[in-house]
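Colleague: File data_37.txt below, compact mmCIF, C-alpha atoms:
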# COMPACT_ATOMS: atom_id res chain seq x y z
CA MET S 1 0.00 0.00 0.00
CA SER S 2 1.35 3.43 -0.85
CA GLN S 3 2.53 5.68 1.95
CA ARG S 4 -0.06 8.14 3.13
CA HIS S 5 0.85 11.79 3.02
CA PRO S 6 -0.02 13.92 6.09
CA PRO S 7 -2.93 16.35 5.60
CA GLU S 8 -2.00 19.82 4.49
CA PRO S 9 -2.35 22.53 7.16
CA ASP S 10 -5.38 24.77 6.96
CA ARG S 11 -4.94 28.44 6.25
CA ALA S 12 -6.32 31.11 8.56
CA ASP S 13 -9.39 31.44 6.34
CA GLY S 14 -10.02 27.69 6.45
CA SER S 15 -8.83 26.93 2.92
CA ARG S 16 -6.19 24.26 2.33
CA GLN S 17 -2.88 24.79 0.62
CA VAL S 18 -1.59 21.73 -1.21
CA PRO S 19 1.98 21.48 -2.44
CA ALA S 20 2.50 23.51 -5.58
CA VAL S 21 4.57 21.73 -8.19
CA ILE S 22 6.19 24.51 -10.16
CA GLY S 23 8.64 23.63 -12.88
CA LYS S 24 10.84 25.78 -15.07
CA HIS S 25 8.92 29.03 -15.01
CA GLU S 26 10.87 30.55 -17.84
CA GLU S 27 9.66 27.80 -20.21
CA ALA S 28 6.00 28.05 -19.28
CA ASN S 29 3.69 30.47 -21.01
CA ARG S 30 1.44 32.70 -18.98
CA VAL S 31 -1.54 30.38 -19.09
CA THR S 32 0.52 27.33 -18.17
CA GLN S 33 2.10 29.17 -15.26
CA ALA S 34 -1.33 30.38 -14.12
CA ILE S 35 -2.53 26.76 -14.08
CA LEU S 36 0.50 25.61 -12.07
CA ASP S 37 -0.05 28.37 -9.53
CA PHE S 38 -3.80 27.97 -9.40
CA VAL S 39 -4.26 24.26 -8.74
CA SER S 40 -2.14 24.31 -5.58
CA HIS S 41 -5.00 25.92 -3.66
CA ILE S 42 -8.14 24.08 -2.55
CA PRO S 43 -10.85 26.58 -1.51
CA ARG S 44 -12.83 25.92 1.64
CA SER S 45 -16.57 25.32 1.49
CA LYS S 46 -19.40 26.37 3.77
CA VAL S 47 -21.80 23.89 2.18
CA ASP S 48 -23.10 21.09 4.40
CA ALA S 49 -23.53 17.51 3.28
CA ALA S 50 -26.97 17.18 1.68
CA ALA S 51 -29.56 14.41 1.96
CA ASP S 52 -29.92 14.53 -1.82
CA ALA S 53 -26.41 15.47 -2.85
CA LYS S 54 -27.03 15.35 -6.59
CA VAL S 55 -29.92 17.84 -6.41
CA GLN S 56 -27.82 20.15 -4.24
CA ALA S 57 -24.85 19.78 -6.57
CA ARG S 58 -26.94 20.70 -9.61
CA ALA S 59 -28.24 23.78 -7.82
CA ILE S 60 -24.67 24.80 -6.96
CA ALA S 61 -23.68 24.23 -10.59
CA GLY S 62 -26.53 26.37 -11.93
CA ARG S 63 -25.63 29.31 -9.72
CA ALA S 64 -21.94 29.04 -10.56
CA ALA S 65 -22.64 28.89 -14.31
CA GLN S 66 -24.70 32.09 -14.10
CA ARG S 67 -21.96 33.88 -12.17
CA ALA S 68 -19.33 32.67 -14.63
CA ALA S 69 -21.33 33.94 -17.59
CA LEU S 70 -21.79 37.35 -15.97
CA THR S 71 -18.12 37.58 -14.97
CA ALA S 72 -16.78 36.56 -18.37
CA GLY S 73 -19.23 38.76 -20.25
CA SER S 74 -18.34 41.79 -18.12
CA LEU S 75 -14.60 41.29 -18.59
CA ALA S 76 -15.11 40.94 -22.35
CA LEU S 77 -16.81 44.34 -22.70
CA PRO S 78 -13.71 46.59 -22.98
CA PRO S 79 -13.10 47.10 -26.72
CA GLY S 80 -9.91 46.83 -28.73
CA PRO S 81 -6.50 46.55 -27.04
CA LEU S 82 -8.03 46.92 -23.56
CA GLY S 83 -10.04 43.80 -24.25
CA TRP S 84 -6.90 41.78 -24.95
CA LEU S 85 -5.63 42.65 -21.46
CA THR S 86 -8.66 40.95 -19.86
CA VAL S 87 -8.16 37.52 -21.46
CA LEU S 88 -5.91 35.96 -18.80
CA PRO S 89 -7.70 37.66 -15.87
CA GLU S 90 -10.94 36.30 -17.30
CA LEU S 91 -9.57 32.75 -17.36
CA VAL S 92 -8.31 33.03 -13.78
CA ALA S 93 -11.59 34.57 -12.57
CA ILE S 94 -13.59 31.76 -14.15
CA TRP S 95 -11.26 29.11 -12.73
CA LYS S 96 -11.71 30.65 -9.29
CA LEU S 97 -15.50 30.42 -9.59
CA GLN S 98 -15.29 26.89 -10.92
CA ALA S 99 -12.86 25.77 -8.21
CA GLN S 100 -15.24 27.06 -5.54
CA MET S 101 -18.06 25.23 -7.27
CA VAL S 102 -16.08 21.98 -7.27
CA SER S 103 -15.28 22.49 -3.59
CA ASP S 104 -18.95 23.07 -2.77
CA ILE S 105 -20.07 20.03 -4.79
CA ALA S 106 -17.56 17.86 -2.92
CA ALA S 107 -18.89 19.24 0.37
CA ALA S 108 -22.50 18.58 -0.67
CA TYR S 109 -21.53 14.93 -1.08
CA GLY S 110 -19.77 15.02 2.30
CA ARG S 111 -16.46 14.28 0.59
CA HIS S 112 -14.49 17.52 0.77
CA ALA S 113 -11.61 15.74 2.52
CA GLU S 114 -11.06 13.70 -0.67
CA LEU S 115 -10.62 16.80 -2.84
CA GLY S 116 -6.92 17.24 -3.54
CA ARG S 117 -4.81 18.79 -6.28
CA GLU S 118 -5.27 15.80 -8.58
CA GLN S 119 -9.05 15.82 -8.28
CA MET S 120 -9.28 19.60 -8.69
CA LEU S 121 -7.13 19.58 -11.82
CA TYR S 122 -9.19 16.72 -13.25
CA CYS S 123 -12.54 18.44 -12.56
CA LEU S 124 -11.49 21.81 -13.94
CA PHE S 125 -9.81 20.68 -17.14
CA ARG S 126 -10.78 17.13 -18.11
CA HIS S 127 -13.39 18.37 -20.62
CA THR S 128 -10.77 20.65 -22.17
CA ALA S 129 -8.16 17.96 -22.82
CA ALA S 130 -9.14 14.48 -21.66
CA GLN S 131 -6.04 12.97 -23.27
CA ALA S 132 -3.82 15.01 -20.96
CA PHE S 133 -5.04 12.97 -18.00
CA ARG S 134 -4.22 9.52 -19.37
CA ASP S 135 -1.33 9.13 -16.88
CA LEU S 136 -3.28 10.53 -13.95
CA VAL S 137 -6.65 8.78 -13.84
CA VAL S 138 -7.69 5.16 -14.34
CA ARG S 139 -11.37 4.16 -14.46
CA MET S 140 -12.37 0.94 -12.74
CA GLY S 141 -16.12 0.43 -12.93
CA ASP S 142 -17.78 3.31 -11.09
CA ARG S 143 -14.51 4.30 -9.43
CA LEU S 144 -11.82 6.68 -10.60
CA LEU S 145 -8.32 5.84 -9.41
CA PHE S 146 -5.93 8.80 -9.18
CA ARG S 147 -2.16 8.62 -9.25
CA ARG S 148 -0.15 10.95 -7.08
CA MET S 149 1.18 13.59 -9.49
CA SER S 150 4.91 13.99 -9.92
CA GLN S 151 6.51 17.24 -11.01
CA THR S 152 6.96 15.88 -14.52
CA VAL S 153 3.30 14.85 -14.85
CA VAL S 154 1.98 18.17 -13.54
CA GLU S 155 4.16 20.15 -15.91
CA ARG S 156 3.17 17.98 -18.87
CA ILE S 157 -0.53 18.39 -18.14
CA ALA S 158 -0.16 22.12 -17.54
CA ARG S 159 1.73 22.62 -20.81
CA HIS S 160 -0.85 20.61 -22.73
CA LEU S 161 -3.67 22.65 -21.22
CA GLY S 162 -1.77 25.90 -21.68
CA VAL S 163 -1.50 25.35 -25.44
CA LYS S 164 -5.20 24.54 -25.81
CA LEU S 165 -6.41 27.34 -23.56
CA SER S 166 -4.06 29.88 -25.15
CA ARG S 167 -5.50 29.08 -28.57
CA ARG S 168 -9.01 29.49 -27.23
CA ALA S 169 -8.06 32.71 -25.47
CA LEU S 170 -6.58 34.05 -28.71
CA GLY S 171 -9.90 33.46 -30.44
CA GLU S 172 -11.76 35.15 -27.61
CA GLY S 173 -9.32 38.05 -27.75
CA VAL S 174 -10.33 38.75 -31.34
CA SER S 175 -13.93 39.08 -30.17
CA ARG S 176 -12.90 42.05 -27.98
CA TRP S 177 -12.96 44.16 -31.15
CA LEU S 178 -16.74 43.54 -31.23
CA PRO S 179 -17.41 44.15 -27.54
CA VAL S 180 -21.17 43.62 -27.24
CA ILE S 181 -21.41 40.62 -29.54
CA GLY S 182 -18.13 39.27 -28.19
CA ALA S 183 -19.25 39.65 -24.58
CA LEU S 184 -22.41 37.66 -25.27
CA GLY S 185 -20.43 34.85 -26.88
CA VAL S 186 -17.78 34.78 -24.16
CA GLY S 187 -20.46 34.75 -21.47
CA ALA S 188 -22.32 31.91 -23.16
CA TYR S 189 -19.15 29.86 -23.45
CA ALA S 190 -18.30 30.46 -19.77
CA TYR S 191 -21.77 29.19 -18.85
CA TYR S 192 -21.28 26.06 -20.94
CA ASP S 193 -17.72 25.52 -19.71
CA THR S 194 -18.77 25.76 -16.07
CA GLY S 195 -21.53 23.25 -16.73
CA GLN S 196 -18.94 20.82 -18.09
CA VAL S 197 -16.78 21.24 -14.99
CA ALA S 198 -19.83 20.63 -12.80
CA ALA S 199 -20.75 17.47 -14.71
CA THR S 200 -17.24 16.09 -14.17
CA ALA S 201 -17.33 16.94 -10.45
CA ILE S 202 -20.76 15.38 -9.95
CA GLU S 203 -19.70 12.21 -11.73
CA LEU S 204 -16.54 12.07 -9.63
CA PHE S 205 -18.14 12.52 -6.21
CA ASP S 206 -21.23 10.52 -7.07
CA GLY S 207 -18.97 7.49 -7.51
CA GLY S 208 -15.91 6.15 -5.77
CA ILE S 209 -12.43 7.65 -5.65
CA GLY S 210 -9.35 5.54 -5.15
CA ASP S 211 -5.57 5.66 -5.24
CA ALA S 212 -4.10 4.05 -8.36
CA ASP S 213 -0.74 3.76 -6.61
CA GLY S 214 -2.01 1.05 -4.28
CA GLY S 215 -4.27 2.53 -1.63
CA THR S 216 -7.57 4.34 -1.29
CA THR S 217 -8.21 7.93 -0.42
CA ALA S 218 -9.40 8.81 3.04
CA ALA S 219 -13.06 8.37 3.77
CA VAL S 220 -13.89 6.90 0.37
CA ALA S 221 -17.63 6.39 0.19
CA PRO S 222 -19.24 3.60 -1.82
CA PRO S 223 -20.90 4.56 -5.09
CA LEU S 224 -24.28 6.14 -4.49
CA PRO S 225 -27.42 5.04 -6.33
CA ARG S 226 -27.81 6.99 -9.52
CA GLY S 227 -31.05 8.65 -10.32
Let's see the structure in the file written out as structure tokens.

Modeller:
Amino acid sequence: MSQRHPPEPDRADGSRQVPAVIGKHEEANRVTQAILDFVSHIPRSKVDAAADAKVQARAIAGRAAQRAALTAGSLALPPGPLGWLTVLPELVAIWKLQAQMVSDIAAAYGRHAELGREQMLYCLFRHTAAQAFRDLVVRMGDRLLFRRMSQTVVERIARHLGVKLSRRALGEGVSRWLPVIGALGVGAYAYYDTGQVAATAIELFDGGIGDADGGTTAAVAPPLPRG
């Protein structure tokens, strides 16, 4: 059985800091570096475990998708060159909303203690580049088995995501020259994107989570009835 790692200390605000795996910063583009910095932080949640976790999770997802659409649309309003400057802040702002949503969904299932860097990265970005996670996650029936990420694996995933997200951001940046129409499109995509993150999180916490390196995560619950 793999050696258990001690729990990460809580911050003063109750959030948990997990070890950041930062590689050669000079070789990472801005989006890649933002991903590496971002996924080291697991936000706290004030959501209680729900009797019907899936219903609660869907409600959390709906609210988060609306906030993401409003946030992205607002940041996309500045026209021309000013609009280009909002592309990366928009991505980070949406990730922050989505990470909080994932945290709250985990809490609704009573499984926040199982939410680590690997699970957060998977929930936020699996729909963007599923192939990037081939060395991280193994499916076994209704369970997802996660490998502990090494520095090499984290950097590879972050670079893969950085390329894809940078291309998408470039396309969104062009829309800044048509601020109203562009803002509507960016907002709609943020709504859809957040829904995809929510679907991944619900699937994850509605089933079982294990450790592909030989153990099981703490407090792993059995798969819940689907309905």

Colleague: I'd like the interatomic distance between atom CA of Ala99 of chain S and atom CA of Tyr122 of chain S, to a tenth of an Å.

Modeller: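 Calculated distance between atom CA of Ala99 of chain S and atom CA of Tyr122 of chain S is 11.0 Å.
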
Colleague: I need the residue nearest Tyr109 of chain S from this list: S:Arg58, S:Arg30, S:His41, S:His160. Use all atoms listed in the file for the distance.

Modeller: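 Of all the options, S:Arg58 lies closest to Tyr109 of chain S.
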
Colleague: Ranking S:Ile209, S:Ala129, S:Ala34, S:Val163 by minimum distance to Lys96 of chain S and counting only C-alpha atoms, which one comes first?

Modeller: S:Ala34

Colleague: Which of these, S:Gln131, S:Thr71, S:Thr152, S:Ser45, has the shortest distance to Pro89 of chain S once you count all atoms listed in the file?

Modeller: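 Using all atoms listed in the file, the shortest distance to Pro89 of chain S belongs to S:Thr71.
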
Colleague: Could you check the closest approach to Leu136 of chain S for each of S:Gly210, S:Ile105, S:Arg44, S:Gln196 and tell me which residue wins, using all atoms listed in the file?

Modeller: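 Distance minimum relative to Leu136 of chain S lands on S:Gly210.
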
Colleague: Provide the atom CA of Gly187 of chain S to atom CA of Gln56 of chain S distance in Å, to one decimal place.

Modeller: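 Here the two named atoms are 23.8 Å from each other.
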
Colleague: Expressed in Å to a single decimal, how great is the separation between atom CA of Glu118 of chain S and atom CA of Ser150 of chain S?

Modeller: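 Going from atom CA of Glu118 of chain S over to atom CA of Ser150 of chain S, I get 10.4 Å.
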
Colleague: From the set S:Asp52, S:Asp211, S:Asp193, S:Asp142, which residue has the shortest atom-to-atom contact distance to Gln98 of chain S, counting all atoms listed in the file?

Modeller: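 So, comparing all the options, the nearest one is S:Asp193.
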
Colleague: Go through S:Arg159, S:Arg67, S:Lys164, S:His127 one by one, measure the shortest atom-to-atom distance of each to Gln100 of chain S using all atoms listed in the file, and give the residue with the smallest value.

Modeller: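 So, comparing all the options, the nearest one is S:Arg67.
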
Colleague: Go ahead and find all residues with at least one atom no further than 12 Å from (-16.3, 19.2, -1.6) in the file's coordinates, using all atoms listed in the file; report them as JSON, numbers by chain.

Modeller: {"S": [15, 16, 42, 43, 44, 45, 46, 47, 48, 49, 50, 53, 56, 57, 60, 99, 100, 101, 102, 103, 104, 105, 106, 107, 108, 109, 110, 111, 112, 113, 114, 115, 116, 119, 120, 123, 198, 201, 202, 204, 205, 206]}

Colleague: Generate a file of the selected residues that holds C-alpha atoms, formatted as a tab-separated table (two decimals), keeping the file's coordinate frame.

Modeller:
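This went into out-v1.tsv:
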chain	number	residue	atom	x	y	z
S	15	SER	CA	-8.83	26.93	2.92
S	16	ARG	CA	-6.19	24.26	2.33
S	42	ILE	CA	-8.14	24.08	-2.55
S	43	PRO	CA	-10.85	26.58	-1.51
S	44	ARG	CA	-12.83	25.92	1.64
S	45	SER	CA	-16.57	25.32	1.49
S	46	LYS	CA	-19.40	26.37	3.77
S	47	VAL	CA	-21.80	23.89	2.18
S	48	ASP	CA	-23.10	21.09	4.40
S	49	ALA	CA	-23.53	17.51	3.28
S	50	ALA	CA	-26.97	17.18	1.68
S	53	ALA	CA	-26.41	15.47	-2.85
S	56	GLN	CA	-27.82	20.15	-4.24
S	57	ALA	CA	-24.85	19.78	-6.57
S	60	ILE	CA	-24.67	24.80	-6.96
S	99	ALA	CA	-12.86	25.77	-8.21
S	100	GLN	CA	-15.24	27.06	-5.54
S	101	MET	CA	-18.06	25.23	-7.27
S	102	VAL	CA	-16.08	21.98	-7.27
S	103	SER	CA	-15.28	22.49	-3.59
S	104	ASP	CA	-18.95	23.07	-2.77
S	105	ILE	CA	-20.07	20.03	-4.79
S	106	ALA	CA	-17.56	17.86	-2.92
S	107	ALA	CA	-18.89	19.24	0.37
S	108	ALA	CA	-22.50	18.58	-0.67
S	109	TYR	CA	-21.53	14.93	-1.08
S	110	GLY	CA	-19.77	15.02	2.30
S	111	ARG	CA	-16.46	14.28	0.59
S	112	HIS	CA	-14.49	17.52	0.77
S	113	ALA	CA	-11.61	15.74	2.52
S	114	GLU	CA	-11.06	13.70	-0.67
S	115	LEU	CA	-10.62	16.80	-2.84
S	116	GLY	CA	-6.92	17.24	-3.54
S	119	GLN	CA	-9.05	15.82	-8.28
S	120	MET	CA	-9.28	19.60	-8.69
S	123	CYS	CA	-12.54	18.44	-12.56
S	198	ALA	CA	-19.83	20.63	-12.80
S	201	ALA	CA	-17.33	16.94	-10.45
S	202	ILE	CA	-20.76	15.38	-9.95
S	204	LEU	CA	-16.54	12.07	-9.63
S	205	PHE	CA	-18.14	12.52	-6.21
S	206	ASP	CA	-21.23	10.52	-7.07
